[in-house]
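Quick look at work-v4.cif (mmCIF, C-alpha atoms):
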```
data_model
#
loop_
_atom_site.label_atom_id
_atom_site.label_comp_id
_atom_site.auth_asym_id
_atom_site.auth_seq_id
_atom_site.Cartn_x
_atom_site.Cartn_y
_atom_site.Cartn_z
CA MET A 1 26.25 -8.43 3.68
CA SER A 2 25.00 -9.83 0.37
CA GLY A 3 25.79 -8.31 -3.01
CA THR A 4 22.24 -7.01 -3.23
CA ASP A 5 22.45 -5.38 0.20
CA LEU A 6 25.78 -3.80 -0.72
CA ARG A 7 24.35 -2.33 -3.94
CA LYS A 8 21.38 -0.90 -2.06
CA THR A 9 23.62 0.58 0.63
CA VAL A 10 25.94 2.25 -1.87
CA TYR A 11 22.98 3.67 -3.74
CA TYR A 12 21.45 4.97 -0.49
CA LEU A 13 24.78 6.53 0.48
CA LYS A 14 25.02 8.39 -2.83
CA ARG A 15 21.49 9.74 -2.39
CA ASN A 16 21.48 10.63 1.29
CA GLY A 17 24.98 10.98 2.68
CA LEU A 18 26.90 9.23 5.44
CA LYS A 19 24.84 10.14 8.53
CA LYS A 20 21.49 8.94 7.19
CA THR A 21 23.14 5.84 5.73
CA TRP A 22 24.68 5.04 9.12
CA TYR A 23 21.29 5.11 10.84
CA ALA A 24 19.64 3.16 8.01
CA VAL A 25 22.25 0.40 8.21
CA ARG A 26 21.94 0.25 12.01
CA GLU A 27 18.18 -0.07 11.74
CA ARG A 28 18.39 -2.85 9.15
CA LEU A 29 20.93 -4.75 11.26
CA GLU A 30 18.67 -4.51 14.31
CA GLU A 31 15.72 -5.74 12.25
CA ARG A 32 17.71 -8.83 11.27
CA GLN A 33 18.11 -9.74 14.92
CA GLN A 34 14.36 -10.32 15.07
CA PRO A 35 12.97 -13.81 14.41
CA PRO A 36 12.84 -14.42 10.64
CA TYR A 37 9.53 -14.22 8.82
CA VAL A 38 8.02 -17.59 7.96
CA TRP A 39 5.14 -17.83 5.52
CA VAL A 40 2.58 -20.32 6.80
CA PRO A 41 0.31 -21.57 3.98
CA PRO A 42 -3.29 -22.57 4.63
CA THR A 43 -3.64 -26.12 5.92
CA GLY A 44 -5.01 -28.91 3.77
CA LYS A 45 -8.14 -28.89 5.91
CA GLU A 46 -8.64 -25.15 5.32
CA LEU A 47 -8.17 -25.53 1.58
CA LYS A 48 -10.68 -28.39 1.44
CA GLU A 49 -13.23 -26.37 3.39
CA GLN A 50 -12.77 -23.49 0.97
CA ARG A 51 -13.33 -25.74 -2.04
CA ASP A 52 -16.49 -27.05 -0.41
CA LYS A 53 -17.74 -23.53 0.39
CA SER A 54 -16.92 -22.14 -3.05
CA GLU A 55 -20.14 -23.48 -4.49
CA THR A 56 -22.19 -21.48 -1.98
CA ILE A 57 -20.71 -18.19 -3.18
CA SER A 58 -22.88 -16.51 -5.79
CA ASN A 59 -21.58 -15.65 -9.20
CA VAL A 60 -18.37 -13.77 -8.35
CA THR A 61 -16.12 -14.17 -11.37
CA PHE A 62 -12.56 -13.01 -11.91
CA SER A 63 -10.48 -12.07 -14.91
CA ILE A 64 -6.78 -12.18 -14.09
CA LEU A 65 -4.70 -9.97 -16.39
CA THR A 66 -1.04 -10.81 -16.98
CA PRO A 67 1.09 -9.02 -19.57
CA ALA A 68 4.00 -11.29 -20.57
CA TYR A 69 7.26 -10.39 -22.24
CA ARG A 70 10.19 -12.79 -22.54
CA THR A 71 8.92 -14.49 -19.40
CA ASP A 72 11.06 -17.21 -17.87
CA ARG A 73 9.40 -20.53 -18.69
CA LYS A 74 9.67 -21.78 -15.11
CA PHE A 75 8.20 -18.59 -13.65
CA LEU A 76 5.29 -18.63 -16.09
CA GLN A 77 4.53 -22.27 -15.36
CA GLU A 78 4.46 -21.54 -11.64
CA LEU A 79 2.11 -18.61 -12.22
CA ILE A 80 -0.28 -20.83 -14.19
CA ASP A 81 -0.03 -23.58 -11.58
CA SER A 82 -0.89 -21.08 -8.82
CA LEU A 83 -4.14 -20.31 -10.65
CA CYS A 84 -5.04 -23.85 -11.56
CA CYS A 85 -4.83 -24.93 -7.90
CA GLN A 86 -7.07 -22.10 -6.60
CA THR A 87 -9.73 -23.24 -4.15
CA TYR A 88 -12.15 -20.93 -5.94
CA GLY A 89 -12.50 -21.87 -9.58
CA LYS A 90 -14.53 -19.10 -11.22
CA TRP A 91 -11.67 -17.34 -12.97
CA GLU A 92 -10.05 -16.78 -16.31
CA LEU A 93 -6.46 -15.85 -17.04
CA ILE A 94 -5.91 -13.46 -19.93
CA LEU A 95 -2.26 -13.61 -20.84
CA ALA A 96 -1.25 -10.82 -23.22
CA ASP A 97 2.04 -11.88 -24.79
CA ALA A 98 4.39 -9.41 -26.50
CA THR A 99 7.32 -11.84 -26.73
CA GLU A 100 8.90 -12.01 -30.19
CA ASP A 101 9.02 -15.83 -30.30
CA ASP A 102 6.57 -18.57 -29.28
CA SER A 103 8.22 -19.48 -25.96
CA VAL A 104 5.35 -18.14 -23.86
CA GLU A 105 2.68 -19.58 -26.14
CA ARG A 106 4.17 -23.08 -25.85
CA VAL A 107 3.87 -22.94 -22.04
CA VAL A 108 0.21 -21.89 -22.31
CA GLN A 109 -0.56 -24.63 -24.81
CA GLY A 110 0.88 -27.18 -22.40
CA ALA A 111 -1.41 -26.06 -19.60
CA LEU A 112 -4.54 -27.55 -21.23
CA ASP A 113 -6.94 -25.42 -19.19
CA PRO A 114 -9.79 -23.71 -21.08
CA ARG A 115 -9.86 -20.89 -18.52
CA ILE A 116 -6.49 -19.66 -19.83
CA ARG A 117 -6.92 -17.26 -22.72
CA TYR A 118 -3.82 -16.48 -24.77
CA LEU A 119 -3.64 -13.12 -26.53
CA ARG A 120 -0.82 -12.57 -29.00
CA LEU A 121 0.26 -8.93 -29.24
CA GLU A 122 1.84 -7.61 -32.42
CA GLU A 123 4.28 -5.41 -30.53
CA ASN A 124 5.48 -4.64 -27.03
CA ALA A 125 3.82 -1.27 -26.48
CA GLY A 126 4.57 -1.12 -22.74
CA ILE A 127 2.94 -2.64 -19.70
CA ALA A 128 0.02 -0.18 -19.53
CA VAL A 129 -1.01 -0.64 -23.16
CA ASN A 130 -0.48 -4.39 -23.01
CA THR A 131 -2.63 -4.64 -19.88
CA ASN A 132 -5.36 -2.51 -21.43
CA ARG A 133 -5.44 -4.85 -24.43
CA ALA A 134 -5.95 -7.79 -22.09
CA LEU A 135 -8.61 -5.82 -20.19
CA ALA A 136 -10.65 -5.41 -23.37
CA PHE A 137 -11.24 -9.19 -23.37
CA ALA A 138 -12.10 -9.51 -19.67
CA ALA A 139 -15.45 -11.18 -18.96
CA GLY A 140 -15.24 -11.44 -15.17
CA GLU A 141 -17.11 -9.17 -12.78
CA PHE A 142 -13.81 -8.36 -11.09
CA VAL A 143 -10.34 -7.92 -12.54
CA GLY A 144 -7.12 -8.91 -10.78
CA LEU A 145 -3.59 -7.88 -11.76
CA LEU A 146 -0.85 -10.50 -11.64
CA ASP A 147 2.72 -9.88 -12.79
CA HIS A 148 4.21 -12.46 -15.12
CA ASP A 149 6.85 -13.69 -12.66
CA ASP A 150 4.78 -13.71 -9.45
CA VAL A 151 2.32 -16.20 -7.94
CA LEU A 152 -0.91 -16.23 -5.97
CA THR A 153 -1.50 -18.33 -2.89
CA GLU A 154 -4.03 -21.15 -3.30
CA ASN A 155 -6.67 -19.29 -1.29
CA ALA A 156 -6.26 -15.90 -3.01
CA LEU A 157 -9.40 -15.87 -5.14
CA TYR A 158 -11.52 -17.59 -2.48
CA GLU A 159 -10.67 -14.89 0.05
CA MET A 160 -11.50 -12.18 -2.48
CA ALA A 161 -14.77 -13.82 -3.49
CA ALA A 162 -15.80 -14.38 0.14
CA ARG A 163 -15.16 -10.73 1.00
CA ILE A 164 -17.15 -9.56 -2.03
CA GLU A 165 -20.01 -11.87 -1.09
CA GLU A 166 -19.94 -10.58 2.49
CA GLY A 167 -20.17 -7.02 1.22
CA ARG A 168 -23.09 -7.88 -1.01
CA ARG A 169 -24.98 -9.35 1.92
CA GLN A 170 -24.44 -6.08 3.78
CA GLY A 171 -25.56 -4.04 0.78
CA ILE A 172 -22.09 -2.55 0.18
CA GLU A 173 -20.20 -4.30 -2.60
CA PRO A 174 -16.51 -3.32 -2.51
CA GLN A 175 -15.13 -1.89 -5.74
CA MET A 176 -11.41 -2.27 -4.94
CA LEU A 177 -9.82 -4.98 -2.81
CA TYR A 178 -6.26 -5.74 -1.79
CA SER A 179 -4.40 -8.19 0.40
CA ASP A 180 -1.19 -8.45 2.36
CA GLU A 181 1.82 -9.80 0.49
CA ASP A 182 5.38 -10.99 0.90
CA LYS A 183 8.43 -11.52 -1.28
CA CYS A 184 10.13 -14.74 -2.33
CA ASN A 185 13.43 -15.55 -3.96
CA GLY A 186 13.76 -16.89 -7.50
CA ASP A 187 13.08 -20.54 -6.70
CA ARG A 188 10.55 -19.76 -3.93
CA SER A 189 12.64 -21.57 -1.33
CA GLN A 190 12.59 -18.48 0.90
CA TYR A 191 9.87 -16.00 1.81
CA PHE A 192 10.66 -12.65 3.40
CA GLU A 193 9.65 -9.00 3.87
CA LEU A 194 6.07 -9.48 4.94
CA ASN A 195 4.00 -6.44 3.94
CA LYS A 196 1.31 -6.37 6.60
CA LYS A 197 -0.88 -3.56 5.35
CA GLU A 198 -3.25 -1.08 6.88
CA ASP A 199 -6.89 -0.71 6.03
CA PHE A 200 -7.50 2.05 3.50
CA ASN A 201 -5.36 5.03 4.50
CA LEU A 202 -5.44 7.86 1.96
CA ASP A 203 -2.42 9.84 3.13
CA LEU A 204 -0.28 6.75 3.55
CA LEU A 205 -1.23 5.84 -0.03
CA LEU A 206 -0.12 9.31 -1.11
CA SER A 207 3.29 8.49 0.38
CA ASN A 208 3.77 4.97 -0.98
CA ASN A 209 1.85 2.38 -2.96
CA TYR A 210 1.31 0.23 0.11
CA ILE A 211 -1.74 -1.38 -1.57
CA CYS A 212 0.33 -2.91 -4.38
CA HIS A 213 -0.42 -6.69 -4.64
CA PHE A 214 -2.87 -8.50 -4.76
CA LEU A 215 -5.09 -5.88 -6.35
CA VAL A 216 -8.63 -6.67 -7.49
CA MET A 217 -11.02 -4.09 -8.93
CA LYS A 218 -14.57 -4.05 -10.25
CA ARG A 219 -14.37 -4.51 -14.02
CA GLU A 220 -16.45 -1.44 -14.85
CA LEU A 221 -14.23 0.73 -12.63
CA ILE A 222 -10.91 -0.41 -14.06
CA ALA A 223 -12.28 -0.33 -17.60
CA ASP A 224 -13.40 3.26 -17.11
CA LEU A 225 -10.09 4.32 -15.60
CA GLY A 226 -7.74 2.26 -17.73
CA LEU A 227 -3.99 2.16 -17.26
CA ARG A 228 -2.10 5.21 -18.49
CA THR A 229 1.01 4.61 -20.58
CA GLU A 230 2.67 7.84 -19.41
CA TYR A 231 2.93 6.22 -15.96
CA ASP A 232 4.51 2.96 -17.13
CA GLY A 233 6.47 1.44 -14.27
CA ALA A 234 4.01 2.92 -11.78
CA GLN A 235 0.88 2.25 -13.81
CA ASP A 236 -0.72 0.23 -10.98
CA TYR A 237 0.02 3.01 -8.48
CA ASP A 238 -1.51 5.60 -10.78
CA LEU A 239 -4.55 3.35 -11.24
CA VAL A 240 -5.00 2.88 -7.49
CA LEU A 241 -4.69 6.61 -6.82
CA ARG A 242 -7.32 7.48 -9.40
CA ALA A 243 -9.61 4.75 -8.08
CA ALA A 244 -9.06 6.06 -4.54
CA ALA A 245 -10.08 9.54 -5.67
CA ARG A 246 -13.46 8.12 -6.69
CA LEU A 247 -14.01 5.77 -3.78
CA MET A 248 -12.41 7.40 -0.73
CA ASP A 249 -15.56 9.08 0.56
CA ARG A 250 -17.82 6.05 -0.02
CA GLU A 251 -17.87 3.73 2.96
CA GLY A 252 -16.97 0.09 2.29
CA MET A 253 -15.86 0.62 -1.30
CA VAL A 254 -12.22 -0.27 -0.55
CA ALA A 255 -11.59 -3.55 1.28
CA HIS A 256 -8.38 -4.87 2.81
CA ILE A 257 -7.96 -8.61 3.34
CA PRO A 258 -5.32 -9.01 6.07
CA LYS A 259 -3.84 -12.23 4.72
CA VAL A 260 -0.85 -12.91 2.48
CA LEU A 261 -2.38 -13.81 -0.89
CA TYR A 262 0.48 -12.80 -3.18
CA HIS A 263 4.17 -13.72 -3.47
CA TRP A 264 6.26 -11.05 -5.20
CA ARG A 265 9.25 -12.82 -6.75
CA CYS A 266 12.65 -11.15 -6.40
CA HIS A 267 15.40 -11.69 -8.93
CA THR A 268 18.16 -9.45 -10.24
CA ALA A 269 16.00 -7.76 -12.89
CA SER A 270 13.01 -7.17 -10.63
CA THR A 271 12.19 -3.85 -8.96
CA ALA A 272 11.72 -5.68 -5.65
CA GLU A 273 15.33 -6.93 -5.71
CA ASN A 274 17.15 -4.01 -7.33
CA PRO A 275 15.64 -0.51 -6.98
CA GLN A 276 18.05 0.93 -9.55
CA SER A 277 16.73 -1.43 -12.23
CA LYS A 278 13.60 0.67 -12.68
CA LEU A 279 14.27 4.16 -11.44
CA TYR A 280 11.84 5.43 -14.05
CA ALA A 281 9.11 3.58 -12.16
CA TYR A 282 9.76 5.60 -9.01
CA GLN A 283 9.80 8.83 -10.98
CA ALA A 284 6.47 7.85 -12.49
CA GLY A 285 5.14 7.16 -9.00
CA ARG A 286 6.03 10.65 -7.88
CA ARG A 287 4.28 12.09 -10.96
CA ALA A 288 1.18 10.03 -10.21
CA ILE A 289 0.98 11.54 -6.72
CA GLN A 290 1.45 15.00 -8.17
CA ASP A 291 -1.39 14.37 -10.60
CA PHE A 292 -3.65 13.31 -7.71
CA ALA A 293 -2.85 16.51 -5.81
CA ASP A 294 -3.35 18.66 -8.89
CA GLN A 295 -6.69 17.06 -9.70
CA ALA A 296 -7.79 17.61 -6.10
CA GLY A 297 -6.86 21.29 -6.35
CA TRP A 298 -4.26 21.06 -3.61
CA LYS A 299 -1.29 23.43 -3.62
CA ALA A 300 1.35 20.79 -2.99
CA VAL A 301 4.48 19.36 -4.55
CA ALA A 302 5.30 15.65 -4.50
CA GLU A 303 8.90 15.02 -3.42
CA ASP A 304 11.10 11.99 -2.86
CA THR A 305 12.06 10.90 0.64
CA PRO A 306 15.48 9.36 1.37
CA HIS A 307 13.90 5.96 0.63
CA VAL A 308 13.33 5.02 -3.01
CA GLY A 309 9.64 4.63 -3.83
CA PHE A 310 8.48 6.61 -0.80
CA TYR A 311 7.26 10.18 -1.15
CA VAL A 312 5.92 13.20 0.70
CA LEU A 313 3.57 15.99 -0.36
CA ARG A 314 4.94 19.41 0.58
CA TYR A 315 2.04 21.86 0.90
CA GLN A 316 2.51 25.43 -0.23
CA GLY A 317 1.26 27.75 2.51
CA ASP A 318 -1.20 26.57 5.13
CA ILE A 319 -2.13 22.92 4.60
CA PHE A 320 -5.66 23.59 5.87
CA ALA A 321 -6.20 25.95 2.93
CA SER A 322 -5.61 23.08 0.50
CA ARG A 323 -6.93 20.16 2.51
CA HIS A 324 -10.52 20.96 3.45
CA ASP A 325 -10.86 17.34 4.56
CA ILE A 326 -8.29 17.67 7.37
CA GLY A 327 -9.53 18.78 10.78
CA ALA A 328 -6.40 18.25 12.86
CA ILE A 329 -2.72 17.57 12.30
CA GLY A 330 -0.50 15.85 14.82
CA GLY A 331 3.26 15.43 15.04
CA ARG A 332 5.74 13.34 16.96
CA LEU A 333 6.68 13.77 20.61
CA MET A 334 10.25 12.80 21.45
CA LYS A 335 11.97 12.00 24.73
CA LYS A 336 15.65 11.09 24.92
CA GLY A 337 15.74 10.58 21.17
CA ARG A 338 12.81 8.17 21.03
CA ILE A 339 9.16 8.52 20.06
CA VAL A 340 6.83 8.74 23.06
CA GLY A 341 3.78 10.30 21.44
CA GLY A 342 2.11 11.00 18.12
CA ARG A 343 -0.20 8.75 16.17
CA MET A 344 -2.44 6.69 18.45
CA THR A 345 -4.64 3.63 18.08
CA ARG A 346 -8.28 3.62 19.10
CA GLU A 347 -7.14 2.15 22.43
CA GLY A 348 -4.68 5.00 23.00
CA LYS A 349 -1.47 3.11 22.24
CA VAL A 350 1.29 5.14 20.56
CA VAL A 351 1.80 3.49 17.17
CA TYR A 352 5.57 4.05 16.84
CA GLU A 353 6.35 4.17 20.53
CA ASN A 354 10.03 3.86 21.56
CA LEU A 355 11.34 3.94 17.99
CA PRO A 356 14.55 6.01 17.72
CA GLY A 357 13.88 9.32 16.02
CA ASN A 358 16.46 8.66 13.31
CA TYR A 359 14.85 5.34 12.31
CA SER A 360 12.15 5.03 9.67
CA GLY A 361 10.34 2.02 11.14
CA TYR A 362 8.53 -0.88 9.54
CA LEU A 363 8.50 -0.33 5.76
CA HIS A 364 9.47 3.30 6.50
CA ARG A 365 5.96 4.06 7.71
CA ALA A 366 7.12 5.86 10.85
CA ILE A 367 8.33 8.81 8.75
CA LEU A 368 5.39 9.01 6.33
CA PRO A 369 2.26 11.19 6.52
CA GLN A 370 -0.79 9.04 7.24
CA ASP A 371 -4.39 9.17 8.36
CA ALA A 372 -4.83 8.46 12.06
CA VAL A 373 -7.61 7.54 14.45
CA ALA A 374 -6.11 10.02 16.88
CA VAL A 375 -3.01 12.12 17.54
CA ASP A 376 -1.56 13.41 20.80
CA ILE A 377 -3.07 16.70 21.95
CA ARG A 378 0.37 17.79 23.18
CA ASN A 379 1.50 18.30 19.57
CA ILE A 380 -1.63 19.10 17.60
CA ARG A 381 -2.82 21.78 15.19
CA ILE A 382 -6.53 22.47 14.68
CA ARG A 383 -8.28 23.99 11.67
CA GLU A 384 -10.38 27.07 12.32
CA GLU A 385 -13.71 25.32 11.68
CA CYS A 386 -12.90 22.84 14.48
CA LEU A 387 -11.99 25.36 17.18
CA GLU A 388 -15.42 25.21 18.78
CA ILE A 389 -15.22 21.42 18.86
CA PHE A 390 -11.87 21.75 20.61
CA ARG A 391 -13.25 24.17 23.21
CA ARG A 392 -16.29 21.99 23.87
CA VAL A 393 -14.33 18.74 24.29
CA VAL A 394 -11.16 20.00 25.94
CA GLY A 395 -12.74 22.68 28.09
CA VAL A 396 -10.32 25.47 27.17
CA ALA A 397 -9.92 27.63 24.09
CA TYR A 398 -7.33 26.54 21.53
CA GLN A 399 -4.16 28.62 21.72
CA THR A 400 -0.79 27.89 20.20
CA VAL A 401 2.70 28.14 21.59
CA PRO A 402 4.32 31.27 20.11
CA GLY A 403 6.63 30.33 17.24
CA LYS A 404 5.55 26.67 17.18
CA GLY A 405 1.99 26.56 15.91
CA SER A 406 0.91 23.62 18.07
CA PHE A 407 -1.44 23.71 21.07
CA ASP A 408 -0.16 25.27 24.29
CA VAL A 409 -0.56 22.27 26.56
CA SER A 410 0.18 24.39 29.66
CA LEU A 411 -3.44 25.58 29.44
CA LEU A 412 -4.64 22.13 30.52
CA PRO A 413 -5.11 21.35 34.22
CA GLU A 414 -2.31 19.59 36.07
CA GLY A 415 -2.61 15.81 35.93
CA CYS A 416 -4.66 15.88 32.73
CA ASP A 417 -5.17 12.48 31.09
CA TYR A 418 -3.60 13.28 27.70
CA VAL A 419 -4.57 9.96 26.16
CA ARG A 420 -8.25 10.23 27.07
CA ILE A 421 -8.62 13.83 25.98
CA SER A 422 -6.73 13.16 22.73
CA LEU A 423 -9.04 10.29 21.85
CA GLU A 424 -12.20 12.23 22.73
CA LEU A 425 -11.09 15.27 20.74
CA CYS A 426 -10.15 13.32 17.63
CA ASP A 427 -13.35 11.27 17.81
CA ALA A 428 -15.38 14.49 17.86
CA ILE A 429 -13.47 15.95 14.92
CA THR A 430 -13.91 12.72 12.96
CA GLU A 431 -17.64 12.65 13.73
CA ALA A 432 -17.84 16.17 12.27
CA GLY A 433 -16.64 14.74 8.95
CA TYR A 434 -12.93 15.55 9.04
CA ARG A 435 -9.79 13.46 8.80
CA ILE A 436 -6.96 13.38 11.33
CA LEU A 437 -3.52 13.65 9.69
CA TYR A 438 -0.30 12.47 11.29
CA GLN A 439 2.76 14.30 9.93
CA PRO A 440 5.73 12.82 11.77
CA LEU A 441 8.61 14.85 10.35
CA ASP A 442 7.09 18.28 9.87
CA ASN A 443 5.87 18.53 13.46
CA ILE A 444 8.29 17.36 16.16
CA ASP A 445 8.14 18.32 19.83
CA LYS A 446 9.98 17.21 22.93
CA VAL A 447 8.59 16.32 26.33
#
```
Could you take the file, read its structure, and then write that structure out as structure tokens?
Amino acid sequence: MSGTDLRKTVYYLKRNGLKKTWYAVRERLEERQQPPYVWVPPTGKELKEQRDKSETISNVTFSILTPAYRTDRKFLQELIDSLCCQTYGKWELILADATEDDSVERVVQGALDPRIRYLRLEENAGIAVNTNRALAFAAGEFVGLLDHDDVLTENALYEMAARIEEGRRQGIEPQMLYSDEDKCNGDRSQYFELNKKEDFNLDLLLSNNYICHFLVMKRELIADLGLRTEYDGAQDYDLVLRAAARLMDREGMVAHIPKVLYHWRCHTASTAENPQSKLYAYQAGRRAIQDFADQAGWKAVAEDTPHVGFYVLRYQGDIFASRHDIGAIGGRLMKKGRIVGGRMTREGKVVYENLPGNYSGYLHRAILPQDAVAVDIRNIRIREECLEIFRRVVGVAYQTVPGKGSFDVSLLPEGCDYVRISLELCDAITEAGYRILYQPLDNIDKV
């Protein structure tokens, strides 16, 4: 076990006790038995094709905002290099420097690229204020956020521009875009912890900032929202949540590019490497979720989970009274200590099937509330307005098991195809304009 792993384990133990720590360590050890993640960059042929195609993309321009403060010279040079080698060239970098000396400025001067705009700040007023000052100079149609010690892949801006252009052709220009990401060590000799993200998932976002990097947003939208200094440390999370509040009911406004376009560098001072280094950031994240819930008028309290940076909204009273957008709620089904039912894909596959009930799963997602295409009818709750839909699709009236609150599955005929009826029911509820919510820990049943 490395020194970093030991520090994380001790911190987890202090927060959660021996039993939860035991299961967490077991799960991490089992994960390490899997084949290691290998980042595969685009081939030279792919990069050449992108450079050739870039000229056919209409005027999609990017302003990349990077607040800098005492940035390591090597890290900053690699950041600049990652922009200068982009296969899509319509960008500008606005580097807002709050460093007391000229160390950052000298690196910029050596770059000799007119697309790099250096902004000297008189003081270090915090990351939100510093980013807002850079934003005031942005000329691009879209704004991307890039931390001062991270790097973009060579195809990052091309993939963003191509997706924006595709949306324009369809008459739906996305306003917020994000990609998959991974982490790298200080000298970028190793890449690890692939974050393979979901398409826009509101309730998962309200549990964790899974969107994170690489984030691109329409300039008018980010300029209107701005970054709020009271959420420093989680200012990007707060920004994404407020953008989501505006865009979540508008089809095609949020776009996910399922490719790694961003390398998040880990070193001893970074949040990615040492969670204790920025505990205030996680506290700010929880407050950002609470603000979202308050603005939505929900009676809910944002709470920490055992895992740092992951949260849950605890609803006061009946969740349906607060969440008028939710038509059905599903929980986990367990058999011999493992998940056998719950959230389902459109094809009827159980998303977290066979995962031990004490494990949290990939990036802890198995324990987080999340939007779902469908949930298992054997552990489902239905809002009152959807009871007629239930009766029409399922063929019986909705009744709950006394003391449990979920559907009494004994009312269904013997040999019922639970997968088929679950999919048909959830499709009908979705078509009526409601969301399906998977709550894995609040609703657990055994089969």
### Task
Would you mind listing what lies within 10 Å of Ala136 in chain A as a PyMOL selection string, with only C-alpha atoms counted and same-chain residues fewer than 2 positions away left out?
chain A and resi 94+131-134+138-139+223+226
Which residues would end up in the selection if the PyMOL selection byres ((chain A and resi 321) around 12) were applied here, given that I need the answer as an mmCIF file with C-alpha atoms, in the frame of the given file?
```cif
data_model
loop_
_atom_site.group_PDB
_atom_site.id
_atom_site.type_symbol
_atom_site.label_atom_id
_atom_site.label_comp_id
_atom_site.auth_asym_id
_atom_site.auth_seq_id
_atom_site.Cartn_x
_atom_site.Cartn_y
_atom_site.Cartn_z
ATOM 1 C CA GLY A 297 -6.860 21.290 -6.350
ATOM 2 C CA TRP A 298 -4.260 21.060 -3.610
ATOM 3 C CA LYS A 299 -1.290 23.430 -3.620
ATOM 4 C CA ALA A 300 1.350 20.790 -2.990
ATOM 5 C CA TYR A 315 2.040 21.860 0.900
ATOM 6 C CA GLN A 316 2.510 25.430 -0.230
ATOM 7 C CA GLY A 317 1.260 27.750 2.510
ATOM 8 C CA ASP A 318 -1.200 26.570 5.130
ATOM 9 C CA ILE A 319 -2.130 22.920 4.600
ATOM 10 C CA PHE A 320 -5.660 23.590 5.870
ATOM 11 C CA SER A 322 -5.610 23.080 0.500
ATOM 12 C CA ARG A 323 -6.930 20.160 2.510
ATOM 13 C CA HIS A 324 -10.520 20.960 3.450
ATOM 14 C CA ASP A 325 -10.860 17.340 4.560
ATOM 15 C CA ILE A 326 -8.290 17.670 7.370
ATOM 16 C CA GLY A 327 -9.530 18.780 10.780
ATOM 17 C CA ARG A 383 -8.280 23.990 11.670
ATOM 18 C CA GLU A 384 -10.380 27.070 12.320
ATOM 19 C CA GLU A 385 -13.710 25.320 11.680
#
```
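For the pair CA of Val401 in chain A and CA of Ala328 in chain A, the separation is 16.0 Å.
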### Message
Selection in question (the file shown): the PyMOL selection byres ((chain A and resi 436) around 9). Which residues does it include, as an MDAnalysis selection string?
### Response
chainID A and resid 325:330 370:375 426 429:430 434:435 437:438
Explicit residues for the PyMOL selection byres ((chain A and resi 344) around 10) (as a PDB file with C-alpha atoms, keeping the file's coordinate frame):
```
ATOM      1  CA  GLY A 341       3.780  10.300  21.440  1.00  0.00           C
ATOM      2  CA  GLY A 342       2.110  11.000  18.120  1.00  0.00           C
ATOM      3  CA  ARG A 343      -0.200   8.750  16.170  1.00  0.00           C
ATOM      4  CA  THR A 345      -4.640   3.630  18.080  1.00  0.00           C
ATOM      5  CA  ARG A 346      -8.280   3.620  19.100  1.00  0.00           C
ATOM      6  CA  GLU A 347      -7.140   2.150  22.430  1.00  0.00           C
ATOM      7  CA  GLY A 348      -4.680   5.000  23.000  1.00  0.00           C
ATOM      8  CA  LYS A 349      -1.470   3.110  22.240  1.00  0.00           C
ATOM      9  CA  VAL A 350       1.290   5.140  20.560  1.00  0.00           C
ATOM     10  CA  VAL A 351       1.800   3.490  17.170  1.00  0.00           C
ATOM     11  CA  TYR A 352       5.570   4.050  16.840  1.00  0.00           C
ATOM     12  CA  GLU A 353       6.350   4.170  20.530  1.00  0.00           C
ATOM     13  CA  ALA A 372      -4.830   8.460  12.060  1.00  0.00           C
ATOM     14  CA  VAL A 373      -7.610   7.540  14.450  1.00  0.00           C
ATOM     15  CA  ALA A 374      -6.110  10.020  16.880  1.00  0.00           C
ATOM     16  CA  VAL A 375      -3.010  12.120  17.540  1.00  0.00           C
ATOM     17  CA  ASP A 376      -1.560  13.410  20.800  1.00  0.00           C
ATOM     18  CA  VAL A 419      -4.570   9.960  26.160  1.00  0.00           C
ATOM     19  CA  SER A 422      -6.730  13.160  22.730  1.00  0.00           C
ATOM     20  CA  LEU A 423      -9.040  10.290  21.850  1.00  0.00           C
ATOM     21  CA  TYR A 438      -0.300  12.470  11.290  1.00  0.00           C
TER      22      TYR A 438
END
```
### Task
Compare A:Ile64, A:Ile211, A:Leu206, A:Ile222 by their minimum atom-to-atom distance to Leu152 in chain A, counting only C-alpha atoms, and give me the closest one.
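With only C-alpha atoms as the atom set, the closest residue is A:Ile64.
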For the contact check between range 216-260 of chain A and range 161-170 of chain A, emit one row per residue of range 216-260 of chain A within 9 Å, containing the shortest atom pair and the distance in Å rounded to one decimal, counting only C-alpha atoms, chain then rising number order, as CSV.
```
residue,atom,partner,partner_atom,distance
A:Gly252,CA,A:Gly167,CA,7.9
A:Ala255,CA,A:Arg163,CA,8.0
A:Ile257,CA,A:Arg163,CA,7.9
```
Can you sort out range 187-191 of chain A so it carries N, CA and C atoms, written as a short mmCIF file (atom, residue, chain, number, x, y, z; two decimals), keeping the file's coordinate frame?
```
data_model
loop_
_atom_site.label_atom_id
_atom_site.label_comp_id
_atom_site.auth_asym_id
_atom_site.auth_seq_id
_atom_site.Cartn_x
_atom_site.Cartn_y
_atom_site.Cartn_z
N ASP A 187 13.62 -19.18 -6.68
CA ASP A 187 13.08 -20.54 -6.70
C ASP A 187 12.03 -20.78 -5.62
N ARG A 188 11.61 -19.71 -4.95
CA ARG A 188 10.55 -19.76 -3.93
C ARG A 188 10.92 -20.67 -2.76
N SER A 189 12.20 -20.79 -2.50
CA SER A 189 12.64 -21.57 -1.33
C SER A 189 12.65 -20.72 -0.07
N GLN A 190 12.59 -19.39 -0.23
CA GLN A 190 12.59 -18.48 0.90
C GLN A 190 11.52 -17.41 0.71
N TYR A 191 10.86 -17.07 1.81
CA TYR A 191 9.87 -16.00 1.81
C TYR A 191 10.31 -14.97 2.84
#
```
